[in-house]
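Worksheet: the structure to be examined is printed underneath.
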Amino acid sequence: GSYEGYAVGSIINDHDLALAYVLEFYPELLPSYMILPKASQELILFSQGKLHFNHGWFVQAEAPPGPMLSKFREALCHSSGADLAFYFLHWLTDLSGAEGRPLAGAEKFVLLFPRSVLLAFLWSIPFLQQLTTHTE
């Protein structure tokens with residue numbers, strides 16, 4: 001059948017969702033993932049594909065709140081605070097590693113990423129955590 005809206009045989013262009021697919025259906029391809037306790041595997045899978053949330057869209061108000069936050073809220077209501085905290089760590093490392101060149105490090109993230117945007121992302125975290133008890 002389909003996977004998260006992608007038809008059978010389709011290429012999953014979203015790298016997080018593609019990794020989630022491998023983690024769910026072919027975990028044996030990642031031995032370091034396979035040896036983790038089940039709870040750790042579930043945490044990693046949660047951060048990769050279960051949220052249907054684009055943090056950038058949220059912070060920059062690029063989509064209506066209802067459609068953007070409803071699946072995110074649903075996932076949060078079935079998770080723990082640790083799951084969300086790990087997602088934000090994943091988001092930060094994902095952002096900082098998005099451009100692997102130059103080899104000297106993540107210069108684009110460190111030098112060129114607007115501080116105001118980073119602060120907006122960080123500001124949003126406590127707000128998003130409230131979605132387990134408030135509606136979008």
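Residue numbers start at 1 in each chain; chains themselves are named A, B, ... in the order of the structure tokens; ligands are numbered from 1 in the order shown.
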Check your understanding: Residues at most 10 Å from Leu23 in chain A, counting only C-alpha atoms, excluding those fewer than 2 positions away in the same chain, as a ChimeraX atom specification?
Key -> /A:17-21,25-30,33-34,41-42,44-45,48-49
message: Residues near Gly81 in chain A, anyone? I mean within 10 Å using only C-alpha atoms, not counting same-chain ones fewer than 6 positions away, as a list in words.
response: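 Residues near the query, excluding close chain neighbours: Tyr87, Gln129 and Thr132 of chain A.
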Go ahead and write the selection's residues with C-alpha atoms as a compact mmCIF listing (two decimals), in the first residue's frame.
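Output file selection_31.txt is given in full below:
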```txt
# COMPACT_ATOMS: atom_id res chain seq x y z
CA TYR A 87 12.36 16.04 17.79
CA GLN A 129 4.64 21.99 23.75
CA THR A 132 -1.03 18.65 24.15
```
task = Enumerate as a ChimeraX atom specification all residues of range 11-113 of chain A assigned to alpha helix (DSSP H) by DSSP on the backbone, naming them with the chain letters and numbers the document uses.
result = /A:15-25,31-34,38-49,55-59,65-77,81-96,107
- Query: What is the CA of Val117 in chain A-CA of Phe88 in chain A distance in Å, reported with one decimal?
  - Reply: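 Rounded to one decimal, the two atoms are 14.9 Å apart.
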Find the residues around Phe121 in chain A up to 8 Å (only C-alpha atoms counted), leave out those fewer than 6 positions away in its own chain, and share them as a list in words.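 Using only C-alpha atoms, the neighbours found are His55, Gly56 and Val59 of chain A.
CA of Asp16 in chain A is positioned 9.3 Å from CA of Asp94 in chain A.
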CA of Gly5 in chain A sits from CA of His52 in chain A at a separation of 10.9 Å
Exercise for the section: For His134 in chain A, please output as a list in words all residues within 12 Å (counting only C-alpha atoms; exclusion window: fewer than 6 positions along the same chain). Expected result: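 Near His134 in chain A, the qualifying residues are Leu69, Ser70, Arg73, Glu74, Leu76, Cys77, Phe127 and Leu128 of chain A.
Shortest atom-to-atom contact with Trp91 in chain A among A:Ser47, A:Gly66, A:Ser116, A:Leu131: A:Ser47, counting only C-alpha atoms.
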